[in-house]
$ cat data20.cif   # mmCIF, C-alpha atoms
data_model
#
loop_
_atom_site.label_atom_id
_atom_site.label_comp_id
_atom_site.auth_asym_id
_atom_site.auth_seq_id
_atom_site.Cartn_x
_atom_site.Cartn_y
_atom_site.Cartn_z
CA MET T 1 56.65 -59.52 -36.03
CA LEU T 2 53.66 -60.90 -37.90
CA ASP T 3 52.24 -64.19 -36.68
CA ILE T 4 50.42 -66.16 -39.39
CA SER T 5 47.95 -67.46 -36.77
CA GLU T 6 46.63 -63.91 -36.28
CA SER T 7 43.55 -62.75 -38.11
CA GLY T 8 43.89 -60.68 -41.25
CA LYS T 9 42.49 -57.66 -39.41
CA GLN T 10 45.13 -57.93 -36.66
CA ILE T 11 47.90 -58.24 -39.23
CA GLY T 12 46.50 -55.32 -41.20
CA GLU T 13 46.44 -53.17 -38.06
CA LYS T 14 50.06 -54.04 -37.32
CA LEU T 15 51.08 -53.28 -40.90
CA SER T 16 49.34 -49.89 -40.83
CA ALA T 17 51.05 -49.08 -37.53
CA ILE T 18 54.57 -49.82 -38.75
CA LEU T 19 54.39 -48.77 -42.40
CA SER T 20 53.73 -45.36 -43.87
CA LYS T 21 51.00 -44.87 -46.47
CA THR T 22 53.63 -44.80 -49.21
CA GLN T 23 55.20 -48.03 -47.96
CA LEU T 24 51.79 -49.71 -47.87
CA GLU T 25 51.11 -48.53 -51.42
CA GLU T 26 54.49 -49.86 -52.55
CA MET T 27 53.78 -53.17 -50.87
CA SER T 28 50.43 -53.26 -52.63
CA ARG T 29 52.05 -52.65 -56.02
CA TYR T 30 54.79 -55.23 -55.65
CA ILE T 31 53.20 -57.95 -53.55
CA LEU T 32 49.49 -57.81 -54.16
CA GLU T 33 48.00 -58.69 -57.50
CA ASP T 34 45.35 -56.28 -58.78
CA GLU T 35 42.76 -55.64 -56.07
CA ALA T 36 43.29 -59.00 -54.33
CA ASP T 37 44.09 -59.09 -50.64
CA VAL T 38 46.53 -61.98 -50.84
CA ILE T 39 50.16 -61.54 -49.83
CA SER T 40 52.86 -64.00 -50.90
CA ASN T 41 53.28 -67.19 -48.87
CA GLY T 42 49.51 -67.57 -48.63
CA LEU T 43 49.02 -64.92 -45.92
CA VAL T 44 45.66 -63.21 -46.36
CA VAL T 45 45.10 -59.63 -45.21
CA PRO T 46 41.49 -58.59 -45.86
CA GLY T 47 40.90 -54.87 -46.25
CA LEU T 48 44.55 -53.94 -46.82
CA HIS T 49 43.56 -51.39 -49.47
CA SER T 50 41.26 -49.54 -47.06
CA LEU T 51 44.03 -49.57 -44.45
CA MET T 52 46.31 -47.80 -46.93
CA GLU T 53 43.85 -44.95 -47.25
CA ASN T 54 43.90 -44.40 -43.48
CA ALA T 55 47.65 -44.96 -42.98
CA GLU T 56 49.64 -42.38 -41.07
CA GLN T 57 51.28 -39.44 -42.78
CA PRO T 58 54.85 -39.60 -44.14
CA LEU T 59 57.41 -40.12 -41.43
CA THR T 60 60.41 -38.28 -42.83
CA VAL T 61 59.69 -34.60 -43.38
CA ILE T 62 62.44 -32.00 -43.13
CA GLN T 63 61.91 -28.27 -43.50
CA TYR T 64 64.42 -25.41 -43.46
CA GLY T 65 62.81 -22.07 -44.22
CA ASP T 66 61.22 -22.30 -47.67
CA LEU T 67 62.81 -25.70 -48.36
CA TYR T 68 60.54 -28.73 -47.84
CA PHE T 69 61.67 -32.35 -48.16
CA CYS T 70 59.61 -35.56 -47.80
CA LEU T 71 61.43 -38.86 -48.22
CA GLU T 72 58.39 -41.14 -48.52
CA GLN T 73 56.70 -38.99 -51.15
CA ARG T 74 60.04 -38.26 -52.86
CA LEU T 75 59.03 -34.61 -52.82
CA VAL T 76 61.19 -31.50 -52.68
CA SER T 77 59.73 -28.02 -52.87
CA VAL T 78 61.06 -24.49 -52.51
CA GLN T 79 58.68 -21.62 -51.69
CA GLY T 80 55.80 -24.04 -52.32
CA GLN T 81 57.01 -24.85 -55.82
CA GLU T 82 57.69 -28.56 -56.39
CA ILE T 83 61.18 -29.24 -57.74
CA GLU T 84 61.49 -31.98 -60.36
CA LEU T 85 64.56 -34.10 -59.55
CA THR T 86 65.94 -37.15 -61.29
CA ALA T 87 66.16 -40.35 -59.23
CA LYS T 88 69.89 -39.91 -58.60
CA GLU T 89 69.52 -36.20 -57.79
CA PHE T 90 66.82 -37.03 -55.25
CA ASP T 91 68.87 -39.86 -53.71
CA ILE T 92 71.94 -37.64 -53.37
CA PHE T 93 69.86 -34.80 -51.92
CA ALA T 94 68.13 -37.17 -49.48
CA LEU T 95 71.49 -38.43 -48.29
CA LEU T 96 72.79 -34.89 -47.79
CA ILE T 97 69.70 -33.38 -46.12
CA MET T 98 69.29 -36.34 -43.77
CA ASN T 99 72.90 -35.86 -42.62
CA PRO T 100 73.11 -32.07 -42.14
CA ARG T 101 76.54 -30.50 -41.66
CA ARG T 102 78.21 -33.87 -42.20
CA VAL T 103 80.70 -34.07 -45.05
CA LEU T 104 79.88 -37.05 -47.24
CA THR T 105 82.84 -38.17 -49.29
CA TYR T 106 82.55 -39.06 -52.95
CA ASP T 107 83.12 -42.71 -52.05
CA MET T 108 80.34 -42.65 -49.43
CA ILE T 109 77.91 -41.13 -51.92
CA ILE T 110 78.87 -43.69 -54.57
CA ASP T 111 78.38 -46.58 -52.13
CA LEU T 112 75.06 -45.30 -50.76
CA VAL T 113 73.47 -44.03 -53.98
CA TRP T 114 74.89 -46.25 -56.71
CA HIS T 115 75.49 -49.29 -54.46
CA GLU T 116 78.59 -50.25 -56.39
CA ASN T 117 82.26 -49.37 -56.65
CA LEU T 118 82.80 -47.00 -59.56
CA ASP T 119 85.95 -45.48 -61.00
CA TYR T 120 87.23 -41.91 -60.69
CA TYR T 121 84.86 -40.55 -63.35
CA SER T 122 82.02 -40.99 -60.88
CA HIS T 123 83.38 -38.07 -58.81
CA ARG T 124 82.63 -35.90 -61.81
CA ALA T 125 79.17 -37.49 -62.15
CA ILE T 126 78.41 -36.68 -58.50
CA SER T 127 79.61 -33.10 -59.00
CA ASN T 128 77.38 -32.79 -62.08
CA HIS T 129 74.35 -34.09 -60.15
CA VAL T 130 75.09 -31.69 -57.27
CA SER T 131 75.48 -28.81 -59.72
CA ASN T 132 72.08 -29.66 -61.23
CA LEU T 133 70.58 -29.88 -57.72
CA ARG T 134 71.89 -26.42 -56.83
CA ARG T 135 70.51 -24.96 -60.04
CA LYS T 136 67.08 -26.56 -59.56
CA LEU T 137 66.80 -25.58 -55.88
CA ARG T 138 67.73 -21.97 -56.54
CA ILE T 139 64.46 -20.85 -58.10
CA ALA T 140 65.05 -17.27 -56.97
CA PRO T 141 68.23 -15.26 -56.27
CA GLU T 142 67.41 -14.95 -52.56
CA ILE T 143 67.23 -18.74 -52.09
CA PRO T 144 70.31 -19.86 -50.15
CA ASP T 145 72.70 -22.47 -51.49
CA TYR T 146 72.19 -25.32 -49.04
CA ILE T 147 74.71 -27.69 -50.63
CA ARG T 148 78.38 -26.98 -50.02
CA SER T 149 81.32 -28.59 -51.76
CA VAL T 150 84.33 -29.62 -49.74
CA HIS T 151 87.10 -29.42 -52.33
CA GLY T 152 88.50 -32.82 -53.24
CA ILE T 153 86.52 -34.62 -50.53
CA GLY T 154 82.77 -34.46 -51.16
CA HIS T 155 79.68 -32.45 -50.28
CA LYS T 156 77.56 -31.49 -47.29
CA PHE T 157 74.14 -30.01 -46.57
CA ASN T 158 74.45 -26.77 -44.64
CA PRO T 159 71.08 -25.66 -43.23
CA ASP T 160 72.68 -22.61 -41.60
CA ASN T 161 73.78 -21.18 -44.97
CA GLY T 162 76.87 -19.77 -43.33
CA PRO T 163 80.42 -20.16 -44.53
CA PRO T 164 81.50 -23.73 -45.28
#
$ encode --input "data20.cif" --output "structure tokens"
Amino acid sequence: MLDISESGKQIGEKLSAILSKTQLEEMSRYILEDEADVISNGLVVPGLHSLMENAEQPLTVIQYGDLYFCLEQRLVSVQGQEIELTAKEFDIFALLIMNPRRVLTYDMIIDLVWHENLDYYSHRAISNHVSNLRRKLRIAPEIPDYIRSVHGIGHKFNPDNGPP
């Protein structure tokens, strides 16, 4: 917890210890104005921008064979080739890859990605996004299909590439 009686340097050190570089950059974009070092509520953190440059590497990196996933950088690559995903495709893929082998129902995906209760048509929307994900991730015929459909229930990420 940050104590406002601490010096800006102490607060900056705590922030760099608990936030990734991407999180610090996001905080900078949304809380700081231009190059100023002022955070809302009058808290001053001198040198926050230099702390961001030295922040630790992304925390959530998952790799299965040629598949690379980084949550903080919102990066997915296959065989070193970056895969361009839409925001919803990335969010669905992140949910699946971070819960390997677990079947995520359509309702769970709707709640966690769209954050609202949608009607039946959204099952089709999820299936369309998953279909696009499969197509984009399969840049070569030998690339395994990591995403499995569980008929009528939802989808799962299968890192073993075995039968569903």
$ closest_residue --input "data20.cif" --among "T:Val150, T:Cys70, T:Leu133, T:Met98" --to "T:Glu84" --atoms "only C-alpha atoms"
T:Leu133
$ atom_distance --input "data20.cif" --atom1 "atom CA of T:His115" --atom2 "atom CA of T:Glu89"
14.8 Å
$ closest_residue --input "data20.cif" --among "T:Gln73, T:Thr86, T:Gln63, T:Gln79" --to "T:Ile143" --atoms "all atoms listed in the file"
T:Gln79
$ atom_distance --input "data20.cif" --atom1 "atom CA of T:Asn132" --atom2 "atom CA of T:Tyr146"
12.9 Å
$ resolve_selection --input "data20.cif" --expression "the PyMOL selection byres ((chain T and resi 92) around 10)" --output "list in words"
Thr86, Ala87, Lys88, Glu89, Phe90, Asp91, Phe93, Ala94, Leu95, Leu96, Ile97, Ile109, Ile110, Leu112, Val113, Trp114, Ile126, His129, Val130, Leu133 and His155 of chain T
$ axis_aligned_box --input "data20.cif" --around "stretch 64-80 of chain T" --padding-each-side "4 Å" --output "JSON"
{"center_x": 60.1, "center_y": -31.4, "center_z": -48.2, "size_x": 16.6, "size_y": 27.5, "size_z": 17.4}
$ atom_distance --input "data20.cif" --atom1 "atom CA of T:His123" --atom2 "atom CA of T:Val103"
14.6 Å
$ resolve_selection --input "data20.cif" --expression "the PyMOL selection byres ((chain T and resi 105) around 6)" --output "compact mmCIF listing (two decimals) with C-alpha atoms, in the coordinates of the input"
# COMPACT_ATOMS: atom_id res chain seq x y z
CA LEU T 104 79.88 -37.05 -47.24
CA TYR T 106 82.55 -39.06 -52.95
CA ASP T 107 83.12 -42.71 -52.05
CA MET T 108 80.34 -42.65 -49.43
CA ILE T 153 86.52 -34.62 -50.53
CA GLY T 154 82.77 -34.46 -51.16
$ residues_around --input "data20.cif" --residues "T:Ile139" --least-positions-apart "2" --cutoff "10 Å" --atoms "only C-alpha atoms" --output "PyMOL selection string"
chain T and resi 78-79+81+83+134-137+141-144
$ residues_around --input "data20.cif" --residues "T:Ser131" --least-positions-apart "6" --cutoff "10 Å" --atoms "only C-alpha atoms" --output "PyMOL selection string"
chain T and resi 89+125+147+149
